[in-house]
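Okay, target-v1.cif is below, mmCIF, C-alpha atoms, pLDDT in the B column; chains and numbers go by the auth columns:
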```cif
data_structure
#
loop_
_atom_site.group_PDB
_atom_site.id
_atom_site.type_symbol
_atom_site.label_atom_id
_atom_site.label_comp_id
_atom_site.label_asym_id
_atom_site.label_seq_id
_atom_site.Cartn_x
_atom_site.Cartn_y
_atom_site.Cartn_z
_atom_site.B_iso_or_equiv
_atom_site.auth_seq_id
_atom_site.auth_asym_id
ATOM 1 C CA MET A 1 18.815 -5.483 -0.035 53.00 1 A
ATOM 2 C CA THR A 2 15.883 -3.064 -0.254 53.00 2 A
ATOM 3 C CA ARG A 3 14.601 -4.176 3.167 54.00 3 A
ATOM 4 C CA ARG A 4 18.012 -3.594 4.741 55.00 4 A
ATOM 5 C CA LEU A 5 18.287 -0.154 3.138 53.00 5 A
ATOM 6 C CA ALA A 6 14.882 0.875 4.494 55.00 6 A
ATOM 7 C CA VAL A 7 15.782 -0.218 8.027 53.00 7 A
ATOM 8 C CA LEU A 8 19.144 1.565 7.845 52.00 8 A
ATOM 9 C CA LEU A 9 17.428 4.778 6.695 53.00 9 A
ATOM 10 C CA PHE A 10 15.021 4.605 9.622 51.00 10 A
ATOM 11 C CA LEU A 11 17.854 4.038 12.107 51.00 11 A
ATOM 12 C CA PHE A 12 19.811 6.924 10.598 48.00 12 A
ATOM 13 C CA PHE A 13 16.943 9.373 11.004 49.00 13 A
ATOM 14 C CA ALA A 14 16.169 8.077 14.498 50.00 14 A
ATOM 15 C CA ILE A 15 19.779 8.615 15.591 46.00 15 A
ATOM 16 C CA PHE A 16 19.861 12.017 13.893 46.00 16 A
ATOM 17 C CA SER A 17 16.677 13.070 15.670 49.00 17 A
ATOM 18 C CA ALA A 18 17.965 11.888 19.057 46.00 18 A
ATOM 19 C CA SER A 19 21.244 13.727 18.511 46.00 19 A
ATOM 20 C CA ALA A 20 19.398 16.917 17.591 45.00 20 A
ATOM 21 C CA GLN A 21 17.286 16.733 20.746 48.00 21 A
ATOM 22 C CA GLU A 22 20.406 16.195 22.885 45.00 22 A
ATOM 23 C CA LYS A 23 22.097 19.286 21.461 44.00 23 A
ATOM 24 C CA ARG A 24 18.994 21.466 21.591 44.00 24 A
ATOM 25 C CA SER A 25 19.896 22.800 25.036 42.00 25 A
ATOM 26 C CA LYS A 26 23.291 23.999 23.740 45.00 26 A
ATOM 27 C CA VAL A 27 22.496 25.105 20.183 46.00 27 A
ATOM 28 C CA ALA A 28 19.145 26.367 18.953 44.00 28 A
ATOM 29 C CA MET A 29 18.047 24.009 16.183 41.00 29 A
ATOM 30 C CA PRO A 30 14.713 23.893 14.357 48.00 30 A
ATOM 31 C CA ASP A 31 12.603 20.790 14.765 58.00 31 A
ATOM 32 C CA ILE A 32 12.500 18.446 11.788 64.00 32 A
ATOM 33 C CA PRO A 33 8.913 18.582 10.527 78.00 33 A
ATOM 34 C CA GLY A 34 6.945 15.363 10.507 85.00 34 A
ATOM 35 C CA SER A 35 8.140 11.981 11.704 89.00 35 A
ATOM 36 C CA PHE A 36 9.176 8.528 10.569 93.00 36 A
ATOM 37 C CA ILE A 37 7.247 5.386 11.385 95.00 37 A
ATOM 38 C CA LEU A 38 8.484 1.806 11.172 96.00 38 A
ATOM 39 C CA ASP A 39 5.979 -1.065 10.858 97.00 39 A
ATOM 40 C CA PHE A 40 6.686 -4.744 11.536 97.00 40 A
ATOM 41 C CA GLY A 41 3.886 -7.060 10.459 97.00 41 A
ATOM 42 C CA PHE A 42 2.693 -10.327 8.980 98.00 42 A
ATOM 43 C CA ASN A 43 1.021 -10.900 5.597 96.00 43 A
ATOM 44 C CA ARG A 44 -1.924 -13.197 4.989 95.00 44 A
ATOM 45 C CA ALA A 45 -3.738 -14.063 1.756 92.00 45 A
ATOM 46 C CA ILE A 46 -7.519 -14.524 1.680 89.00 46 A
ATOM 47 C CA SER A 47 -8.843 -17.187 -0.734 83.00 47 A
ATOM 48 C CA PRO A 48 -5.351 -17.875 -2.094 86.00 48 A
ATOM 49 C CA PRO A 49 -4.674 -20.077 -5.125 85.00 49 A
ATOM 50 C CA GLU A 50 -4.149 -23.784 -4.670 84.00 50 A
ATOM 51 C CA LYS A 51 -0.727 -24.617 -3.194 89.00 51 A
ATOM 52 C CA PHE A 52 -0.244 -20.989 -2.084 91.00 52 A
ATOM 53 C CA GLU A 53 0.431 -22.221 1.454 93.00 53 A
ATOM 54 C CA GLN A 54 2.036 -19.637 3.720 94.00 54 A
ATOM 55 C CA ASP A 55 4.472 -19.978 6.566 95.00 55 A
ATOM 56 C CA PHE A 56 3.224 -17.546 9.221 94.00 56 A
ATOM 57 C CA TRP A 57 6.537 -16.294 10.650 94.00 57 A
ATOM 58 C CA GLY A 58 8.218 -16.112 7.250 95.00 58 A
ATOM 59 C CA SER A 59 5.461 -14.050 5.599 97.00 59 A
ATOM 60 C CA ARG A 60 6.528 -10.670 6.932 96.00 60 A
ATOM 61 C CA THR A 61 6.289 -6.956 6.160 97.00 61 A
ATOM 62 C CA VAL A 62 8.483 -3.961 6.954 97.00 62 A
ATOM 63 C CA ASN A 63 7.015 -0.521 6.182 97.00 63 A
ATOM 64 C CA VAL A 64 9.044 2.690 6.448 97.00 64 A
ATOM 65 C CA TYR A 65 6.946 5.861 6.102 97.00 65 A
ATOM 66 C CA TYR A 66 7.591 9.577 6.454 96.00 66 A
ATOM 67 C CA ARG A 67 4.519 11.318 7.880 94.00 67 A
ATOM 68 C CA TYR A 68 3.578 14.979 8.215 94.00 68 A
ATOM 69 C CA PRO A 69 0.533 15.410 10.502 92.00 69 A
ATOM 70 C CA LEU A 70 -1.527 18.557 9.943 94.00 70 A
ATOM 71 C CA ARG A 71 -3.647 19.406 12.948 93.00 71 A
ATOM 72 C CA PHE A 72 -7.008 21.103 12.486 94.00 72 A
ATOM 73 C CA GLY A 73 -6.585 24.240 14.587 92.00 73 A
ATOM 74 C CA LYS A 74 -6.603 23.400 18.293 90.00 74 A
ATOM 75 C CA SER A 75 -8.775 20.336 17.846 94.00 75 A
ATOM 76 C CA LYS A 76 -7.796 16.757 18.582 95.00 76 A
ATOM 77 C CA LEU A 77 -8.082 15.764 14.917 96.00 77 A
ATOM 78 C CA SER A 78 -5.211 15.722 12.411 96.00 78 A
ATOM 79 C CA PHE A 79 -4.820 15.020 8.707 97.00 79 A
ATOM 80 C CA VAL A 80 -1.894 12.626 8.178 96.00 80 A
ATOM 81 C CA PRO A 81 -0.386 12.297 4.669 97.00 81 A
ATOM 82 C CA SER A 82 2.530 9.865 4.337 97.00 82 A
ATOM 83 C CA ILE A 83 4.937 8.414 1.813 97.00 83 A
ATOM 84 C CA GLY A 84 7.328 5.489 2.010 97.00 84 A
ATOM 85 C CA LEU A 85 8.241 1.909 1.186 98.00 85 A
ATOM 86 C CA SER A 86 6.391 -1.317 1.937 98.00 86 A
ATOM 87 C CA LEU A 87 8.574 -4.422 1.733 97.00 87 A
ATOM 88 C CA GLU A 88 6.576 -7.646 1.812 97.00 88 A
ATOM 89 C CA ARG A 89 7.346 -11.320 1.552 96.00 89 A
ATOM 90 C CA PHE A 90 5.166 -14.406 1.278 96.00 90 A
ATOM 91 C CA LYS A 91 7.030 -17.523 2.379 96.00 91 A
ATOM 92 C CA PHE A 92 5.644 -20.818 1.098 95.00 92 A
ATOM 93 C CA SER A 93 5.533 -23.630 3.631 94.00 93 A
ATOM 94 C CA ASN A 94 5.330 -26.339 0.928 93.00 94 A
ATOM 95 C CA ASN A 95 8.328 -25.165 -1.178 92.00 95 A
ATOM 96 C CA TYR A 96 6.170 -24.322 -4.180 94.00 96 A
ATOM 97 C CA THR A 97 6.953 -21.287 -6.346 94.00 97 A
ATOM 98 C CA LEU A 98 5.358 -19.150 -9.060 91.00 98 A
ATOM 99 C CA SER A 99 6.062 -20.072 -12.672 88.00 99 A
ATOM 100 C CA HIS A 100 4.976 -18.612 -16.018 84.00 100 A
ATOM 101 C CA ASN A 101 2.498 -20.835 -17.872 80.00 101 A
ATOM 102 C CA SER A 102 3.117 -21.952 -21.435 69.00 102 A
ATOM 103 C CA GLU A 103 -0.329 -20.709 -22.521 68.00 103 A
ATOM 104 C CA PRO A 104 -0.444 -17.401 -24.468 70.00 104 A
ATOM 105 C CA ASP A 105 -2.662 -15.756 -21.830 72.00 105 A
ATOM 106 C CA GLY A 106 0.426 -14.793 -19.788 74.00 106 A
ATOM 107 C CA SER A 107 -0.844 -16.375 -16.578 82.00 107 A
ATOM 108 C CA TYR A 108 1.163 -17.970 -13.795 87.00 108 A
ATOM 109 C CA SER A 109 0.813 -21.117 -11.735 86.00 109 A
ATOM 110 C CA MET A 110 2.148 -22.653 -8.536 88.00 110 A
ATOM 111 C CA VAL A 111 4.711 -25.398 -9.241 91.00 111 A
ATOM 112 C CA VAL A 112 6.972 -27.590 -7.121 92.00 112 A
ATOM 113 C CA ALA A 113 10.343 -25.851 -6.810 92.00 113 A
ATOM 114 C CA ASN A 114 12.081 -29.209 -6.325 89.00 114 A
ATOM 115 C CA THR A 115 11.260 -30.119 -9.923 86.00 115 A
ATOM 116 C CA THR A 116 13.736 -27.541 -11.210 88.00 116 A
ATOM 117 C CA TYR A 117 15.908 -27.147 -8.133 92.00 117 A
ATOM 118 C CA PRO A 118 16.234 -30.450 -6.238 92.00 118 A
ATOM 119 C CA GLY A 119 17.078 -29.885 -2.607 92.00 119 A
ATOM 120 C CA THR A 120 14.863 -26.806 -2.227 94.00 120 A
ATOM 121 C CA PHE A 121 14.297 -25.915 1.438 94.00 121 A
ATOM 122 C CA LYS A 122 13.039 -22.319 1.206 95.00 122 A
ATOM 123 C CA SER A 123 10.770 -20.570 -1.292 96.00 123 A
ATOM 124 C CA MET A 124 9.114 -17.154 -1.167 96.00 124 A
ATOM 125 C CA LEU A 125 7.554 -14.342 -3.164 96.00 125 A
ATOM 126 C CA ILE A 126 8.818 -10.796 -2.477 97.00 126 A
ATOM 127 C CA THR A 127 6.753 -7.711 -3.375 97.00 127 A
ATOM 128 C CA ASN A 128 8.037 -4.163 -2.770 98.00 128 A
ATOM 129 C CA TYR A 129 5.841 -1.067 -3.089 98.00 129 A
ATOM 130 C CA LEU A 130 6.072 2.703 -3.046 98.00 130 A
ATOM 131 C CA ASP A 131 3.116 3.683 -0.847 98.00 131 A
ATOM 132 C CA LEU A 132 1.051 6.811 -0.238 98.00 132 A
ATOM 133 C CA PRO A 133 -1.018 6.341 2.955 98.00 133 A
ATOM 134 C CA ILE A 134 -3.407 9.191 3.822 98.00 134 A
ATOM 135 C CA GLY A 135 -5.494 9.214 6.982 97.00 135 A
ATOM 136 C CA PHE A 136 -7.097 11.099 9.859 98.00 136 A
ATOM 137 C CA ARG A 137 -5.848 10.735 13.440 96.00 137 A
ATOM 138 C CA TYR A 138 -7.575 11.518 16.720 97.00 138 A
ATOM 139 C CA ASP A 139 -5.380 12.172 19.791 95.00 139 A
ATOM 140 C CA THR A 140 -6.740 12.347 23.320 95.00 140 A
ATOM 141 C CA LYS A 141 -3.811 14.621 24.300 92.00 141 A
ATOM 142 C CA PRO A 142 -2.704 16.513 21.182 89.00 142 A
ATOM 143 C CA GLU A 143 -0.384 18.742 23.245 88.00 143 A
ATOM 144 C CA ASP A 144 1.398 15.654 24.632 88.00 144 A
ATOM 145 C CA ILE A 145 1.613 13.155 21.777 83.00 145 A
ATOM 146 C CA ALA A 146 4.063 10.961 23.697 84.00 146 A
ATOM 147 C CA GLY A 147 1.389 10.260 26.305 88.00 147 A
ATOM 148 C CA SER A 148 -1.649 10.407 24.048 90.00 148 A
ATOM 149 C CA LEU A 149 -3.992 7.603 23.098 95.00 149 A
ATOM 150 C CA SER A 150 -4.550 7.827 19.352 95.00 150 A
ATOM 151 C CA ILE A 151 -6.629 6.187 16.666 97.00 151 A
ATOM 152 C CA GLU A 152 -6.068 6.654 12.956 97.00 152 A
ATOM 153 C CA LEU A 153 -8.201 5.660 9.966 98.00 153 A
ATOM 154 C CA GLY A 154 -7.279 6.064 6.322 98.00 154 A
ATOM 155 C CA GLY A 155 -6.511 4.675 2.916 98.00 155 A
ATOM 156 C CA ARG A 156 -3.385 3.651 1.049 98.00 156 A
ATOM 157 C CA VAL A 157 -2.350 3.561 -2.614 98.00 157 A
ATOM 158 C CA GLY A 158 0.788 1.741 -3.687 98.00 158 A
ATOM 159 C CA VAL A 159 2.824 1.127 -6.842 98.00 159 A
ATOM 160 C CA LEU A 160 4.691 -2.152 -7.238 98.00 160 A
ATOM 161 C CA TYR A 161 8.286 -1.307 -8.155 97.00 161 A
ATOM 162 C CA GLN A 162 9.928 -4.700 -7.598 97.00 162 A
ATOM 163 C CA SER A 163 8.752 -8.316 -7.424 96.00 163 A
ATOM 164 C CA PHE A 164 10.712 -11.544 -7.474 96.00 164 A
ATOM 165 C CA THR A 165 10.733 -15.110 -6.238 96.00 165 A
ATOM 166 C CA LYS A 166 13.574 -16.432 -4.117 96.00 166 A
ATOM 167 C CA ILE A 167 14.523 -20.090 -3.839 96.00 167 A
ATOM 168 C CA LYS A 168 17.209 -21.569 -1.590 96.00 168 A
ATOM 169 C CA TYR A 169 18.393 -25.092 -2.278 95.00 169 A
ATOM 170 C CA THR A 170 21.355 -27.375 -1.689 94.00 170 A
ATOM 171 C CA GLU A 171 23.477 -28.866 -4.441 91.00 171 A
ATOM 172 C CA ASN A 172 26.683 -30.834 -3.864 89.00 172 A
ATOM 173 C CA ASN A 173 26.554 -29.895 -0.182 90.00 173 A
ATOM 174 C CA GLU A 174 26.489 -26.210 -1.116 94.00 174 A
ATOM 175 C CA THR A 175 23.643 -23.771 -0.390 95.00 175 A
ATOM 176 C CA LYS A 176 22.551 -21.802 -3.456 94.00 176 A
ATOM 177 C CA LYS A 177 20.014 -19.041 -4.124 95.00 177 A
ATOM 178 C CA ILE A 178 17.933 -18.293 -7.204 94.00 178 A
ATOM 179 C CA PHE A 179 16.227 -14.918 -7.741 96.00 179 A
ATOM 180 C CA ASP A 180 13.652 -14.548 -10.503 94.00 180 A
ATOM 181 C CA GLU A 181 12.629 -10.901 -10.915 95.00 181 A
ATOM 182 C CA GLN A 182 9.567 -10.340 -13.120 92.00 182 A
ATOM 183 C CA SER A 183 5.907 -9.340 -12.824 91.00 183 A
ATOM 184 C CA HIS A 184 4.671 -12.831 -11.786 91.00 184 A
ATOM 185 C CA GLY A 185 1.166 -11.730 -12.784 90.00 185 A
ATOM 186 C CA LEU A 186 0.963 -9.321 -9.833 94.00 186 A
ATOM 187 C CA ASN A 187 -1.271 -6.289 -9.806 94.00 187 A
ATOM 188 C CA PRO A 188 1.011 -3.247 -10.427 96.00 188 A
ATOM 189 C CA ILE A 189 -1.292 -0.935 -8.435 96.00 189 A
ATOM 190 C CA ARG A 190 -2.822 -1.624 -5.051 96.00 190 A
ATOM 191 C CA TYR A 191 -5.203 0.293 -2.820 97.00 191 A
ATOM 192 C CA GLY A 192 -6.840 -0.380 0.490 97.00 192 A
ATOM 193 C CA ILE A 193 -7.755 0.842 3.959 98.00 193 A
ATOM 194 C CA TYR A 194 -5.913 0.882 7.256 98.00 194 A
ATOM 195 C CA THR A 195 -6.225 1.678 10.933 97.00 195 A
ATOM 196 C CA ARG A 196 -3.757 2.359 13.737 97.00 196 A
ATOM 197 C CA LEU A 197 -4.374 2.307 17.488 97.00 197 A
ATOM 198 C CA GLY A 198 -1.864 2.967 20.217 95.00 198 A
ATOM 199 C CA VAL A 199 -0.257 5.174 22.825 94.00 199 A
ATOM 200 C CA GLY A 200 2.544 7.612 22.051 88.00 200 A
ATOM 201 C CA GLY A 201 5.092 6.115 19.694 89.00 201 A
ATOM 202 C CA PHE A 202 3.769 2.539 19.942 94.00 202 A
ATOM 203 C CA ASN A 203 0.839 1.392 17.812 95.00 203 A
ATOM 204 C CA PHE A 204 -0.928 -1.644 16.459 97.00 204 A
ATOM 205 C CA PHE A 205 -1.814 -1.427 12.769 98.00 205 A
ATOM 206 C CA TRP A 206 -3.960 -3.275 10.236 97.00 206 A
ATOM 207 C CA PHE A 207 -3.936 -2.883 6.436 97.00 207 A
ATOM 208 C CA TYR A 208 -6.527 -4.474 4.162 97.00 208 A
ATOM 209 C CA ASN A 209 -5.972 -4.373 0.407 96.00 209 A
ATOM 210 C CA LEU A 210 -9.196 -3.848 -1.508 95.00 210 A
ATOM 211 C CA SER A 211 -7.299 -4.543 -4.730 94.00 211 A
ATOM 212 C CA PRO A 212 -6.322 -8.152 -5.551 92.00 212 A
ATOM 213 C CA LEU A 213 -2.739 -9.370 -5.276 94.00 213 A
ATOM 214 C CA PHE A 214 -2.785 -10.704 -8.862 91.00 214 A
ATOM 215 C CA SER A 215 -3.966 -8.991 -12.029 89.00 215 A
ATOM 216 C CA ALA A 216 -7.185 -10.254 -13.635 83.00 216 A
ATOM 217 C CA ASN A 217 -6.731 -13.739 -15.143 82.00 217 A
ATOM 218 C CA LYS A 218 -2.982 -13.691 -14.459 84.00 218 A
ATOM 219 C CA GLY A 219 -2.824 -15.386 -11.084 81.00 219 A
ATOM 220 C CA PRO A 220 -2.596 -19.122 -10.404 84.00 220 A
ATOM 221 C CA ALA A 221 -5.695 -21.292 -10.686 71.00 221 A
ATOM 222 C CA THR A 222 -7.920 -21.833 -7.671 68.00 222 A
ATOM 223 C CA ASN A 223 -7.805 -25.594 -8.215 59.00 223 A
ATOM 224 C CA ALA A 224 -6.020 -28.005 -10.508 54.00 224 A
ATOM 225 C CA THR A 225 -9.204 -29.587 -11.847 53.00 225 A
ATOM 226 C CA ASN A 226 -10.352 -26.317 -13.415 58.00 226 A
ATOM 227 C CA PRO A 227 -7.245 -24.241 -14.336 57.00 227 A
ATOM 228 C CA SER A 228 -9.355 -21.697 -16.232 55.00 228 A
ATOM 229 C CA ILE A 229 -10.615 -20.255 -12.925 60.00 229 A
ATOM 230 C CA LYS A 230 -8.000 -17.847 -11.637 62.00 230 A
ATOM 231 C CA THR A 231 -7.716 -16.345 -8.173 67.00 231 A
ATOM 232 C CA SER A 232 -7.413 -12.733 -7.102 71.00 232 A
ATOM 233 C CA ALA A 233 -6.034 -13.503 -3.615 83.00 233 A
ATOM 234 C CA ASP A 234 -6.961 -10.534 -1.438 89.00 234 A
ATOM 235 C CA THR A 235 -4.396 -9.810 1.279 95.00 235 A
ATOM 236 C CA PHE A 236 -4.096 -8.071 4.642 97.00 236 A
ATOM 237 C CA THR A 237 -1.266 -7.157 7.007 97.00 237 A
ATOM 238 C CA PHE A 238 -1.233 -6.639 10.781 98.00 238 A
ATOM 239 C CA GLY A 239 1.499 -5.830 13.266 98.00 239 A
ATOM 240 C CA ILE A 240 3.112 -3.197 15.463 97.00 240 A
ATOM 241 C CA SER A 241 4.550 0.265 14.768 95.00 241 A
ATOM 242 C CA ILE A 242 7.316 2.388 16.268 94.00 242 A
ATOM 243 C CA ASN A 243 6.873 6.097 15.667 86.00 243 A
ATOM 244 C CA GLY A 244 9.774 8.551 15.981 71.00 244 A
ATOM 245 C CA PHE A 245 8.208 11.955 16.621 55.00 245 A
#
```

Starting from the file, lay out its structure as structure tokens.
Amino acid sequence: MTRRLAVLLFLFFAIFSASAQEKRSKVAMPDIPGSFILDFGFNRAISPPEKFEQDFWGSRTVNVYYRYPLRFGKSKLSFVPSIGLSLERFKFSNNYTLSHNSEPDGSYSMVVANTTYPGTFKSMLITNYLDLPIGFRYDTKPEDIAGSLSIELGGRVGVLYQSFTKIKYTENNETKKIFDEQSHGLNPIRYGIYTRLGVGGFNFFWFYNLSPLFSANKGPATNATNPSIKTSADTFTFGISINGF
């Protein structure tokens, strides 16, 4: 639901912007400051816990950010603060899921979803963040952004506002869904670095989270033989961007 809302908001502002440009020749209208950017990418975990096996195409990200570039005088360098939503999913290729351990330490582990829900055929972890990316962008043609080659470097801080697991399974020839919304041992705050490279409104992007996916000693064990050793599971995202300016 949140992912669909973010995409609808982006489409609304894109249509609104196009309509405003079309009418500009007839009615004088001020430009809307800033721009919206839509990212489509893929998530990957580095040193994930045991059984945290990802399906590549199903582990996706959609980011929707509002950006307000501030150019330094007549130079080719701009300061780019942003705010928006990052909607991520990690799809498990082995139909495992996250489950709260019985131990009092409040940790989680990876368990077979079929144990509780026989007939499981899809399992994933969804994490949604409110993000504040801040960076610096260099444009080769700052007076013609649509035709400019640009590179952007910066950092990002995010707050986890929603996390849940989703399981789809069949029972009595009927497809059912189970949503389990809770912390799942995830780190409530994340921070990292990013870069963007492209031409005009089309870019490639890469985010690397310096903060771990799971909170300290809350994530699943790195291996079943020594469950006391927990993982942090660093993550990164890469993909393409469409910028409406």

Extract, using all atoms listed in the file, all DNA, RNA and protein residues at most 12 Å from Ile178 (chain A), discarding same-chain residues fewer than 6 positions from it, and format them as a list of chain:residue names. A:Thr97, A:Ala113, A:Thr116, A:Tyr117, A:Thr120, A:Lys122, A:Ser123, A:Met124, A:Leu125, A:Phe164, A:Thr165, A:Lys166, A:Ile167, A:Lys168, A:Tyr169, A:Thr170

Two-atom distance - CA of Ile151 (chain A), CA of Phe72 (chain A) (Å): 15.5 Å

Nearest candidate to Asp234 (chain A) (options A:Asn128, A:Pro48, A:Ser35, A:Phe92; using all atoms listed in the file):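 Of A:Asn128, A:Pro48, A:Ser35, A:Phe92, the one nearest Asp234 (chain A), counting all atoms listed in the file, is A:Pro48.
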
Extract, using all atoms listed in the file, all DNA, RNA and protein residues at most 12 Å from Ile134 (chain A), discarding same-chain residues fewer than 4 positions from it, and format them as JSON, numbers by chain. {"A": [65, 66, 67, 68, 69, 70, 78, 79, 80, 81, 82, 83, 84, 152, 153, 154, 155, 156, 157, 158, 191, 192, 193, 194, 195]}

Given the PyMOL selection byres ((chain A and resi 89) around 6), the residues it picks as a ChimeraX atom specification: /A:59-60,88,90,125-126

Determine, using all atoms listed in the file, which residues of region 186-211 of chain A have any atom at most 10 Å from an atom of region 139-150 of chain A, and tabulate each with its shortest atom pair and distance in Å to one decimal place, rows ordered by chain and then rising number, as CSV.
```
residue,atom,partner,partner_atom,distance
A:Arg196,CA,A:Ser150,CA,7.9
A:Leu197,CA,A:Ser150,CA,5.8
A:Gly198,CA,A:Ser150,CA,5.6
A:Val199,CA,A:Leu149,CA,4.5
A:Gly200,CA,A:Ala146,CA,4.0
A:Gly201,CA,A:Ala146,CA,6.4
A:Phe202,CA,A:Ala146,CA,9.2
A:Asn203,CA,A:Ser150,CA,8.5
```

May I ask for the distance between CA of Asn94 (chain A) and CA of Gly58 (chain A), given in Å to one decimal place?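 That distance, rounded to one decimal, is 12.4 Å.
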
Atom-to-atom span, CA of Asn172 (chain A) and CA of Asn114 (chain A), Å: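 Answer for the CA of Asn172 (chain A) to CA of Asn114 (chain A) separation: 14.9 Å.
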
Answer key for the PyMOL selection byres ((chain A and resi 85) around 6), residues as a PDB file with C-alpha atoms, in the frame of the given file:
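For reference, expr-v4.pdb as written:
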```
ATOM      1  CA  ASN A  63       7.015  -0.521   6.182  1.00 97.00           C
ATOM      2  CA  VAL A  64       9.044   2.690   6.448  1.00 97.00           C
ATOM      3  CA  GLY A  84       7.328   5.489   2.010  1.00 97.00           C
ATOM      4  CA  SER A  86       6.391  -1.317   1.937  1.00 98.00           C
ATOM      5  CA  TYR A 129       5.841  -1.067  -3.089  1.00 98.00           C
ATOM      6  CA  LEU A 130       6.072   2.703  -3.046  1.00 98.00           C
ATOM      7  CA  ASP A 131       3.116   3.683  -0.847  1.00 98.00           C
TER       8      ASP A 131
END
```

Starting from the displayed file, determine the output of the PyMOL selection byres ((chain A and resi 51) around 8) and express the residue list as number ranges by chain. A: 49-50, 52-53, 94, 96, 110

Measuring atom to atom with all atoms listed in the file, identify which of A:Phe236, A:Thr115, A:Gln182, A:Leu98 is nearest to Ala221 (chain A).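 Among the listed residues, the smallest separation from Ala221 (chain A) belongs to A:Leu98.
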
From A:Glu171, A:Leu160, A:Gly34, A:Asn217, residue lying nearest Arg190 (chain A) [all atoms listed in the file]: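 Selected residue with least distance to Arg190 (chain A): A:Leu160.
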
Pick out the residues sitting within 7 Å of Leu186 (chain A), and hand them over as a compact mmCIF listing (two decimals) with C-alpha atoms, keeping the file's coordinate frame; count only C-alpha atoms, and ignore anything fewer than 5 positions along from it in its own chain.
```txt
# COMPACT_ATOMS: atom_id res chain seq x y z
CA LEU A 213 -2.74 -9.37 -5.28
CA PHE A 214 -2.78 -10.70 -8.86
CA SER A 215 -3.97 -8.99 -12.03
```

Can you tell me, as JSON, the centre and edge lengths (Å, one decimal) of the axis-aligned box enclosing all of region 82-92 of chain A's listed atoms after padding each side by 6 Å?
```
{"center_x": 5.6, "center_y": -5.5, "center_z": 2.7, "size_x": 18.0, "size_y": 42.7, "size_z": 15.2}
```

Residues proximal to (-3.2, -13.6, -15.1) were defined as those with any atom within 7 Å of that point in the file's coordinates, counting only C-alpha atoms. Which are they, as a list in words?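 Here the neighbourhood of the point contains Gly106, Ser107, Tyr108, Gly185, Phe214, Ser215, Ala216, Asn217, Lys218 and Gly219 of chain A.
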